[in-house]
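upload-v1.cif follows (mmCIF, C-alpha atoms and all ligand atoms):
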```cif
data_my_file
#
loop_
_atom_site.label_atom_id
_atom_site.label_comp_id
_atom_site.auth_asym_id
_atom_site.auth_seq_id
_atom_site.Cartn_x
_atom_site.Cartn_y
_atom_site.Cartn_z
CA MET U 1 18.51 36.46 -3.51
CA GLN U 2 15.96 35.64 -0.83
CA GLU U 3 16.29 36.63 2.79
CA THR U 4 17.42 33.83 5.05
CA SER U 5 15.20 32.73 7.95
CA THR U 6 15.93 34.84 11.03
CA ASN U 7 18.03 32.27 12.88
CA GLY U 8 19.40 30.39 9.86
CA VAL U 9 17.51 27.20 10.77
CA ALA U 10 14.29 25.87 9.22
CA THR U 11 12.33 22.63 9.09
CA GLY U 12 10.13 20.64 6.72
CA THR U 13 7.83 17.69 7.42
CA THR U 14 6.37 14.97 5.19
CA HIS U 15 4.79 11.56 5.75
CA ALA U 16 4.51 8.10 4.19
CA LYS U 17 1.73 7.29 1.76
CA VAL U 18 -0.22 4.16 0.94
CA ILE U 19 -1.75 3.48 -2.47
CA VAL U 20 -5.17 1.90 -1.98
CA LEU U 21 -5.85 1.41 -5.69
CA GLY U 22 -4.08 2.00 -8.99
CA GLU U 23 -0.30 1.63 -8.64
CA HIS U 24 1.42 0.78 -11.92
CA SER U 25 -1.72 1.53 -13.92
CA VAL U 26 -1.21 5.17 -12.81
CA VAL U 27 2.08 5.20 -14.78
CA TYR U 28 -0.05 4.88 -17.95
CA GLY U 29 -2.23 7.91 -17.15
CA ASN U 30 -4.90 6.01 -15.22
CA PRO U 31 -6.28 7.17 -11.84
CA ALA U 32 -4.99 6.08 -8.44
CA ILE U 33 -6.12 6.63 -4.85
CA ALA U 34 -3.62 7.23 -2.05
CA PHE U 35 -3.90 7.98 1.67
CA PRO U 36 -1.35 9.70 3.92
CA VAL U 37 0.20 7.60 6.70
CA HIS U 38 0.60 10.27 9.36
CA SER U 39 2.10 7.86 11.89
CA LEU U 40 5.22 7.59 9.68
CA GLN U 41 6.72 11.07 9.41
CA LEU U 42 10.00 12.62 8.37
CA HIS U 43 11.35 15.94 9.64
CA ALA U 44 14.18 17.70 7.84
CA GLU U 45 16.13 20.52 9.46
CA ALA U 46 18.31 22.81 7.35
CA ARG U 47 20.94 24.99 8.99
CA LEU U 48 23.22 27.46 7.26
CA GLY U 49 26.82 27.17 8.46
CA GLY U 50 30.01 25.20 8.22
CA THR U 51 31.51 24.51 4.84
CA GLY U 52 30.17 22.50 1.95
CA LEU U 53 27.17 20.20 1.99
CA ASN U 54 26.63 18.02 5.03
CA VAL U 55 23.56 15.75 4.92
CA VAL U 56 22.69 13.36 7.72
CA THR U 57 19.60 11.18 7.43
CA PRO U 58 18.41 8.10 9.33
CA PHE U 59 19.12 6.26 6.11
CA HIS U 60 22.82 6.88 6.49
CA GLU U 61 22.95 4.74 9.59
CA PRO U 62 24.02 1.13 9.08
CA ARG U 63 21.06 -1.19 8.64
CA GLU U 64 20.48 -4.62 7.31
CA GLU U 65 19.71 -3.27 3.85
CA ARG U 66 21.99 -3.72 0.90
CA GLU U 67 24.81 -1.27 0.29
CA GLU U 68 23.37 -0.02 -3.00
CA THR U 69 20.09 0.94 -1.31
CA LEU U 70 22.02 3.04 1.20
CA ALA U 71 24.11 4.62 -1.55
CA LEU U 72 20.98 5.53 -3.51
CA GLU U 73 19.39 7.12 -0.44
CA ARG U 74 22.49 9.21 0.18
CA GLN U 75 22.45 10.32 -3.44
CA LEU U 76 18.73 11.21 -3.22
CA SER U 77 19.16 13.35 -0.11
CA GLU U 78 22.12 15.22 -1.57
CA THR U 79 20.31 15.71 -4.88
CA ALA U 80 17.33 17.15 -2.99
CA VAL U 81 19.56 19.73 -1.31
CA THR U 82 21.50 20.72 -4.44
CA ASN U 83 18.40 20.88 -6.68
CA THR U 84 16.61 23.10 -4.16
CA LEU U 85 19.63 25.41 -3.80
CA GLU U 86 19.87 25.62 -7.58
CA PHE U 87 16.15 26.37 -7.86
CA LEU U 88 16.52 29.16 -5.27
CA GLY U 89 19.61 30.47 -7.09
CA VAL U 90 21.76 30.46 -3.95
CA ARG U 91 25.19 29.07 -3.15
CA PRO U 92 25.79 28.95 0.60
CA THR U 93 29.34 28.51 1.88
CA GLY U 94 27.99 25.69 3.99
CA ILE U 95 24.67 24.01 4.74
CA GLU U 96 23.83 21.17 7.08
CA VAL U 97 20.67 19.15 6.56
CA SER U 98 19.54 16.46 8.96
CA VAL U 99 16.51 14.23 8.57
CA THR U 100 14.91 12.51 11.56
CA GLY U 101 11.97 10.14 11.80
CA MET U 102 11.66 7.03 9.73
CA ILE U 103 9.79 5.80 6.72
CA PRO U 104 11.22 2.40 5.86
CA PRO U 105 12.97 2.86 2.52
CA ALA U 106 12.18 0.86 -0.61
CA ARG U 107 8.89 -0.51 0.78
CA GLY U 108 6.41 1.27 -1.49
CA LEU U 109 5.59 3.86 1.18
CA GLY U 110 7.04 6.84 -0.69
CA SER U 111 10.19 7.25 1.37
CA SER U 112 12.28 8.79 -1.43
CA ALA U 113 9.60 11.38 -2.25
CA ALA U 114 9.10 12.09 1.45
CA VAL U 115 12.83 12.65 2.00
CA ALA U 116 13.01 14.93 -1.03
CA GLY U 117 9.89 16.87 -0.02
CA ALA U 118 10.98 17.43 3.58
CA ILE U 119 14.47 18.53 2.50
CA ALA U 120 13.16 20.86 -0.23
CA GLN U 121 10.78 22.55 2.24
CA ALA U 122 13.46 22.96 4.93
CA VAL U 123 16.10 24.31 2.52
CA ALA U 124 13.66 26.77 0.91
CA ARG U 125 12.46 27.95 4.33
CA VAL U 126 15.99 28.54 5.57
CA TYR U 127 16.08 31.19 2.81
CA GLY U 128 12.70 32.57 3.87
CA ARG U 129 10.91 30.99 0.91
CA GLU U 130 7.70 28.94 1.16
CA LEU U 131 7.56 26.69 -1.89
CA THR U 132 4.28 26.65 -3.78
CA ARG U 133 2.60 23.27 -4.27
CA ASP U 134 3.82 23.21 -7.89
CA GLU U 135 7.39 24.21 -7.02
CA ARG U 136 7.62 21.52 -4.36
CA PHE U 137 6.16 18.96 -6.73
CA GLU U 138 8.72 19.78 -9.44
CA LEU U 139 11.62 19.58 -6.98
CA VAL U 140 10.48 16.23 -5.60
CA GLN U 141 9.99 14.90 -9.12
CA SER U 142 13.53 15.96 -10.06
CA VAL U 143 14.81 13.79 -7.19
CA GLU U 144 12.34 10.96 -7.84
CA ARG U 145 13.65 10.67 -11.40
CA VAL U 146 17.00 9.67 -9.88
CA ALA U 147 15.24 6.99 -7.80
CA HIS U 148 12.59 5.67 -10.15
CA GLY U 149 13.34 6.86 -13.67
CA THR U 150 9.81 7.83 -14.75
CA PRO U 151 7.74 8.53 -11.64
CA SER U 152 4.04 9.22 -12.21
CA GLY U 153 4.14 12.03 -9.62
CA LEU U 154 1.71 10.28 -7.29
CA ASP U 155 4.26 9.89 -4.48
CA ALA U 156 5.35 13.53 -4.73
CA TYR U 157 1.82 14.67 -3.87
CA ALA U 158 0.76 11.82 -1.60
CA THR U 159 3.69 12.35 0.82
CA THR U 160 2.83 16.01 1.36
CA GLU U 161 -0.97 16.32 1.02
CA GLN U 162 -2.73 16.06 4.38
CA GLY U 163 -5.71 13.99 3.23
CA PRO U 164 -6.50 11.22 0.72
CA ILE U 165 -5.94 12.10 -2.93
CA TRP U 166 -7.26 11.17 -6.33
CA PHE U 167 -4.32 11.33 -8.76
CA GLU U 168 -4.60 11.20 -12.52
CA ARG U 169 -2.32 12.39 -15.32
CA GLY U 170 -0.06 14.46 -13.09
CA VAL U 171 -2.93 16.15 -11.25
CA ALA U 172 -3.76 15.46 -7.58
CA LYS U 173 -7.15 16.38 -6.14
CA PRO U 174 -8.46 15.94 -2.59
CA LEU U 175 -10.64 12.83 -2.42
CA ARG U 176 -13.96 13.07 -0.60
CA VAL U 177 -14.49 10.12 1.78
CA LEU U 178 -17.60 9.55 3.89
CA SER U 179 -15.46 8.36 6.81
CA GLN U 180 -11.82 7.41 7.18
CA PRO U 181 -11.55 3.69 6.27
CA ARG U 182 -9.65 1.44 8.67
CA LEU U 183 -6.53 0.54 6.71
CA LEU U 184 -3.52 -1.40 7.97
CA VAL U 185 -0.14 -1.38 6.24
CA ALA U 186 2.09 -4.41 6.80
CA ASP U 187 5.76 -4.59 5.89
CA THR U 188 7.21 -7.83 4.52
CA GLY U 189 10.61 -6.49 5.62
CA ILE U 190 11.87 -7.23 2.13
CA VAL U 191 13.24 -4.43 -0.02
CA GLY U 192 10.94 -3.68 -2.96
CA HIS U 193 12.15 -2.61 -6.39
CA THR U 194 9.90 0.05 -7.85
CA SER U 195 12.00 0.93 -10.89
CA GLU U 196 12.49 -2.75 -11.74
CA ALA U 197 8.76 -3.44 -11.25
CA VAL U 198 7.84 -0.50 -13.52
CA ARG U 199 10.30 -1.80 -16.12
CA ARG U 200 8.84 -5.33 -15.91
CA VAL U 201 5.30 -4.07 -16.52
CA ARG U 202 6.53 -1.99 -19.46
CA GLU U 203 8.31 -4.99 -20.98
CA LEU U 204 5.30 -7.24 -20.43
CA ARG U 205 3.15 -4.62 -22.15
CA GLU U 206 5.55 -4.51 -25.08
CA SER U 207 5.30 -8.28 -25.53
CA SER U 208 1.55 -8.71 -24.72
CA ARG U 209 0.03 -5.33 -25.47
CA SER U 210 -3.68 -6.17 -25.60
CA ALA U 211 -3.67 -8.45 -22.53
CA VAL U 212 -1.77 -5.92 -20.41
CA ASP U 213 -3.86 -2.99 -21.63
CA ALA U 214 -6.99 -4.92 -20.65
CA LEU U 215 -5.58 -5.35 -17.11
CA LEU U 216 -4.58 -1.69 -16.90
CA ASP U 217 -8.03 -0.59 -18.12
CA GLU U 218 -9.67 -2.81 -15.52
CA ALA U 219 -7.45 -1.33 -12.78
CA ALA U 220 -8.46 2.15 -13.97
CA GLN U 221 -12.14 1.25 -13.72
CA LEU U 222 -11.62 -0.24 -10.24
CA ALA U 223 -10.02 3.00 -9.04
CA ALA U 224 -12.84 5.07 -10.51
CA ASP U 225 -15.50 2.88 -8.86
CA ALA U 226 -13.55 2.80 -5.57
CA GLY U 227 -13.71 6.60 -5.47
CA HIS U 228 -17.50 6.20 -5.39
CA ASP U 229 -17.28 3.49 -2.68
CA LEU U 230 -15.21 5.80 -0.47
CA ALA U 231 -17.60 8.70 -1.04
CA THR U 232 -20.60 6.57 -0.04
CA GLY U 233 -18.85 4.52 2.67
CA ASP U 234 -19.37 1.17 0.92
CA LEU U 235 -16.34 -0.55 2.42
CA VAL U 236 -17.41 -4.08 1.44
CA ALA U 237 -17.40 -3.02 -2.21
CA LEU U 238 -14.06 -1.22 -1.72
CA GLY U 239 -12.51 -4.38 -0.24
CA LEU U 240 -13.58 -6.47 -3.22
CA LYS U 241 -11.98 -3.95 -5.57
CA MET U 242 -8.75 -4.04 -3.57
CA ASN U 243 -8.74 -7.84 -3.90
CA ARG U 244 -9.25 -7.65 -7.65
CA ASN U 245 -6.59 -4.95 -7.97
CA HIS U 246 -4.16 -7.26 -6.17
CA ALA U 247 -4.94 -10.08 -8.60
CA ILE U 248 -4.24 -7.71 -11.50
CA LEU U 249 -0.92 -6.65 -9.97
CA SER U 250 0.00 -10.33 -9.52
CA GLU U 251 -0.85 -10.97 -13.17
CA LEU U 252 1.36 -8.02 -14.10
CA GLY U 253 4.20 -9.84 -12.32
CA VAL U 254 4.90 -7.37 -9.51
CA SER U 255 3.82 -9.43 -6.48
CA ALA U 256 6.16 -11.64 -4.43
CA ASP U 257 5.66 -14.67 -2.17
CA PRO U 258 5.92 -12.72 1.12
CA LEU U 259 3.27 -10.29 -0.15
CA GLU U 260 0.97 -13.16 -1.14
CA THR U 261 1.42 -14.69 2.33
CA LEU U 262 0.41 -11.48 4.12
CA VAL U 263 -2.49 -10.81 1.73
CA SER U 264 -3.88 -14.34 2.32
CA ALA U 265 -3.34 -14.17 6.10
CA SER U 266 -5.17 -10.85 6.36
CA ARG U 267 -8.11 -12.06 4.29
CA GLN U 268 -8.39 -15.28 6.30
CA ALA U 269 -8.40 -13.21 9.50
CA GLY U 270 -11.36 -11.17 8.24
CA ALA U 271 -9.98 -8.28 6.16
CA LEU U 272 -12.59 -6.91 3.73
CA GLY U 273 -9.86 -6.59 1.13
CA ALA U 274 -6.08 -6.72 0.82
CA LYS U 275 -3.47 -5.98 -1.81
CA LEU U 276 0.16 -5.14 -2.30
CA THR U 277 0.84 -1.41 -2.25
CA GLY U 278 3.43 0.63 -4.15
CA GLY U 279 5.89 -0.76 -6.63
CA GLY U 280 5.82 -4.35 -5.33
CA LEU U 281 8.41 -7.16 -5.71
CA GLY U 282 8.67 -6.90 -1.91
CA GLY U 283 7.76 -3.97 0.31
CA CYS U 284 4.31 -3.55 1.85
CA MET U 285 0.69 -4.60 1.53
CA VAL U 286 -2.47 -2.85 2.71
CA ALA U 287 -5.55 -4.44 4.30
CA LEU U 288 -9.00 -2.94 4.87
CA VAL U 289 -10.88 -3.90 8.04
CA ASP U 290 -14.28 -2.88 9.36
CA SER U 291 -13.92 -2.78 13.15
CA GLU U 292 -11.46 -2.39 15.99
CA ALA U 293 -11.78 -6.12 16.74
CA ALA U 294 -10.97 -7.00 13.11
CA GLU U 295 -8.05 -4.58 13.21
CA GLN U 296 -6.65 -6.47 16.16
CA SER U 297 -7.14 -9.95 14.71
CA VAL U 298 -5.89 -9.01 11.22
CA SER U 299 -2.79 -7.31 12.69
CA GLU U 300 -2.03 -10.38 14.79
CA ALA U 301 -2.54 -12.70 11.83
CA MET U 302 -0.19 -10.66 9.63
CA LEU U 303 2.49 -10.52 12.32
CA ALA U 304 2.14 -14.28 12.85
CA ALA U 305 2.50 -14.75 9.07
CA GLY U 306 5.82 -12.90 9.06
CA ALA U 307 5.02 -9.17 8.83
CA LYS U 308 7.89 -7.14 10.32
CA HIS U 309 5.64 -4.17 11.20
CA VAL U 310 1.98 -3.26 10.97
CA TRP U 311 0.94 0.41 10.95
CA PRO U 312 -2.63 1.72 11.13
CA VAL U 313 -3.29 4.32 8.45
CA HIS U 314 -6.43 5.74 9.99
CA LYS U 315 -5.06 6.76 13.38
CA GLU U 316 -3.69 10.19 12.82
CA ILE U 317 -1.22 11.67 15.23
CA ALA U 318 -1.39 15.34 16.13
C1 LIG T 1 5.07 3.85 -6.71
O1 LIG T 1 4.72 4.26 -5.39
C2 LIG T 1 3.87 3.61 -7.54
C3 LIG T 1 4.08 3.20 -8.99
O2 LIG T 1 2.80 3.31 -9.62
C4 LIG T 1 5.11 4.03 -9.71
C5 LIG T 1 4.68 5.46 -9.96
O3 LIG T 1 3.51 5.81 -9.75
O4 LIG T 1 5.55 6.24 -10.40
C6 LIG T 1 4.50 1.73 -9.10
#
```
Now that the file is in, can you turn its structure into structure tokens?
Ligand code: MEV
Amino acid sequence: MQETSTNGVATGTTHAKVIVLGEHSVVYGNPAIAFPVHSLQLHAEARLGGTGLNVVTPFHEPREEREETLALERQLSETAVTNTLEFLGVRPTGIEVSVTGMIPPARGLGSSAAVAGAIAQAVARVYGRELTRDERFELVQSVERVAHGTPSGLDAYATTEQGPIWFERGVAKPLRVLSQPRLLVADTGIVGHTSEAVRRVRELRESSRSAVDALLDEAAQLAADAGHDLATGDLVALGLKMNRNHAILSELGVSADPLETLVSASRQAGALGAKLTGGGLGGCMVALVDSEAAEQSVSEAMLAAGAKHVWPVHKEIA
């Protein structure tokens, strides 16, 4: 058994992620590009003591969301604790885990992976163990399977890696970017449904294999070319690829009216590109802008069009 941390208390921190290109197509082994959203962080604190398992997260507080969403979040947090304890081979008499901070759940920002990652880190550290990248990934995936069935693994890396990543076939690599693009994430305020969206794409592919494969192949090519755009700083080209990726996602049936409204509003206000991000069927969209002035006008336009929140991706907090 591992030593416990000296004072029996330890913490873990993760952040939200935004997929700039390649969601859904990534499930079929194609590449995707994701950026960390450092302004949306979660901190888990694990403390040995008491009796049994006591998990408190911001998600346990009453909100406007549906009961089943809250129940799933509770289940995810508890699964993260028990899977980590099992992995460590320890059985404490009591452990308390609290999660503070907020990543809006079920919005395509990786909240379930972020909760699992922060809890796994904190619980391992309370036993004096620093999880390796692979160990943490496997633990987050074990929790993500409860949330999403067959997660690609993108969220598990993107919510813990400090910089943008290129993810393909279960492998995440740091992505070289010439300069941090100005990205804005806007929340429709409507709960998304990643597992249902993934199922819909799978069913559509079963019924229209060649048409869907053509769309997935095109999304894969867009992500590959966007990697080049980011490396060379060609943001106009990147924006066009985001627009096309959004059209593909709409054709795959995972967009929703509130997403379309925010995507159109941001483009009309001068965004270089805009698309839904994450699983879709609600949740968030991401817009690319080229200046501080455009950031201001695009944010205002999205809020006026009904966005509940707008977060800048590029402003990192210390
Ligand atoms: C979820 O953030 C992104 C999807 O591609 C699902 C996955 O990668 O597991 C829709």
Subject >> Sel. within 9 Å of pt (-13.3, -3.5, 1.1), counting only C-alpha atoms, output as number ranges by chain >> reply: U: 229, 234-243, 271-274, 287-290
**OP:** Would you kindly return, as a ChimeraX atom specification, each protein, DNA or RNA residue with an atom no farther than 9 Å from any atom of Asn54 (chain U), considering all atoms listed in the file and excluding same-chain residues fewer than 2 positions away?
**Re:** /U:50-52,56,78,94-98
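Taking CA of Val20 (chain U) as the reference point, atom O2 of ligand LIG 1 (chain T) is found at 11.1 Å.
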Original post:
Closest to Arg136 (chain U) among U:Asn83, U:Thr194, U:Ser207, U:Ser111, using only C-alpha atoms?
Top reply: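 Nearest candidate to Arg136 (chain U) out of U:Asn83, U:Thr194, U:Ser207, U:Ser111: U:Asn83.
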Original post:
Neighbours of ligand LIG 1 (chain T) within 7 Å, counting only C-alpha atoms and all ligand atoms, as a list in words?
Top reply: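 Listing the residues within 7 Å of ligand LIG 1 (chain T) gives Glu23, His24, Ser25, Val26, Val27, Gly108, Leu109, Gly110, Thr150, Pro151, Ser152, Gly153, Leu154, Asp155, Thr194, Val198, Gly278 and Gly279 of chain U.
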Can you list every residue of region 7-104 of chain U that has an atom at most 7 Å from region 141-145 of chain U, with its nearest atom pair and the distance in Å to one decimal, using only C-alpha atoms, ordered by chain then number, as JSON lines?
```
{"residue": "U:Leu76", "atom": "CA", "partner": "U:Val143", "partner_atom": "CA", "distance": 6.1}
{"residue": "U:Thr79", "atom": "CA", "partner": "U:Val143", "partner_atom": "CA", "distance": 6.3}
{"residue": "U:Ala80", "atom": "CA", "partner": "U:Val143", "partner_atom": "CA", "distance": 5.9}
```
Subject >> Pick from U:Val191, U:Ala219, U:Ala34, U:Leu303, whichever lies nearest to Thr261 (chain U) using all atoms listed in the file >> reply: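 Among U:Val191, U:Ala219, U:Ala34, U:Leu303, it is U:Leu303 that comes nearest to Thr261 (chain U).
Distances here use only C-alpha atoms; by that measure, the residue among U:Lys17, U:His38, U:Arg169, U:Leu204 closest to Ser112 (chain U) is U:Lys17.
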Compile a residue-level contact table for region 5-48 of chain U against region 164-167 of chain U at a cut-off of 9 Å, reporting for every qualifying residue the shortest atom pair and its distance in Å to one decimal, with only C-alpha atoms counted, rows ordered by chain and ascending number, as a tab-separated table.
```
residue	atom	partner	partner_atom	distance
U:Val26	CA	U:Phe167	CA	8.0
U:Asn30	CA	U:Phe167	CA	8.4
U:Pro31	CA	U:Phe167	CA	5.5
U:Ala32	CA	U:Phe167	CA	5.3
U:Ile33	CA	U:Trp166	CA	4.9
U:Ala34	CA	U:Ile165	CA	5.5
U:Phe35	CA	U:Pro164	CA	4.3
U:Pro36	CA	U:Pro164	CA	6.3
```
**OP:** Rounded to one decimal place, report the CA of Glu300 (chain U)-CA of Ala256 (chain U) distance in Å.
**Re:**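 CA of Ala256 (chain U) lies 20.9 Å from CA of Glu300 (chain U).
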Subject >> Nearest-residue call for Arg91 (chain U), choices U:Val185, U:Gly280, U:Val177, U:Leu53, using only C-alpha atoms >> reply: U:Leu53
**OP:** Kindly give the distance, in Å, that separates CA of Lys308 (chain U) and CA of Glu73 (chain U), rounded to a single decimal.
**Re:**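 Between CA of Lys308 (chain U) and CA of Glu73 (chain U) the gap is 21.2 Å.
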Subject >> Expected answer as a count of residues only: all residues with atoms within 6 Å of (-0.9, 0.0, -0.9), all atoms listed in the file >> reply: 8
Subject >> Nearest to Leu131 (chain U), chosen from U:Val201, U:Ala118, U:Ala265, U:Val146, with all atoms listed in the file counted in the distances >> reply: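 Smallest separation from Leu131 (chain U) among the options: U:Ala118.
Residue nearest Val115 (chain U) within the list U:Ala147, U:Val90, U:Val171, U:Ala301: U:Ala147 [criterion: smallest interatomic distance, all atoms listed in the file].
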Subject >> Long-range neighbours of Met302 (chain U) as a VMD selection string, 9 Å cut-off, all atoms listed in the file, 6 positions minimum in chain >> reply: chain U and resid 186 261 to 266 269 308 to 310
Subject >> Spatial neighbours of Gln41 (chain U), max dist 6 Å, all atoms listed in the file, sep filter under 2 positions, as a list in words >> reply: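 Residues near the query, excluding close chain neighbours: Thr14, His15 and Gly101 of chain U.
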Non-local contacts of Ile248 (chain U) (10 Å; all atoms listed in the file; under 3 positions in same chain excluded) as a PDB file with C-alpha atoms, in the coordinates of the input:
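To be explicit, this is the file written out as result-v7.pdb:
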```pdb
ATOM      1  CA  SER U  25      -1.720   1.530 -13.920  1.00  0.00           C
ATOM      2  CA  VAL U 212      -1.770  -5.920 -20.410  1.00  0.00           C
ATOM      3  CA  ALA U 214      -6.990  -4.920 -20.650  1.00  0.00           C
ATOM      4  CA  LEU U 215      -5.580  -5.350 -17.110  1.00  0.00           C
ATOM      5  CA  LEU U 216      -4.580  -1.690 -16.900  1.00  0.00           C
ATOM      6  CA  GLU U 218      -9.670  -2.810 -15.520  1.00  0.00           C
ATOM      7  CA  ALA U 219      -7.450  -1.330 -12.780  1.00  0.00           C
ATOM      8  CA  MET U 242      -8.750  -4.040  -3.570  1.00  0.00           C
ATOM      9  CA  ASN U 243      -8.740  -7.840  -3.900  1.00  0.00           C
ATOM     10  CA  ARG U 244      -9.250  -7.650  -7.650  1.00  0.00           C
ATOM     11  CA  ASN U 245      -6.590  -4.950  -7.970  1.00  0.00           C
ATOM     12  CA  GLU U 251      -0.850 -10.970 -13.170  1.00  0.00           C
ATOM     13  CA  LEU U 252       1.360  -8.020 -14.100  1.00  0.00           C
ATOM     14  CA  GLY U 253       4.200  -9.840 -12.320  1.00  0.00           C
ATOM     15  CA  VAL U 254       4.900  -7.370  -9.510  1.00  0.00           C
ATOM     16  CA  SER U 255       3.820  -9.430  -6.480  1.00  0.00           C
ATOM     17  CA  LYS U 275      -3.470  -5.980  -1.810  1.00  0.00           C
TER      18      LYS U 275
END
```
**OP:** May I have the residues within 9 Å of Ile190 (chain U) as a PyMOL selection string, using all atoms listed in the file and disregarding those fewer than 2 positions away in the same chain?
**Re:** chain U and resi 65+106-107+187-188+192+258+281-284
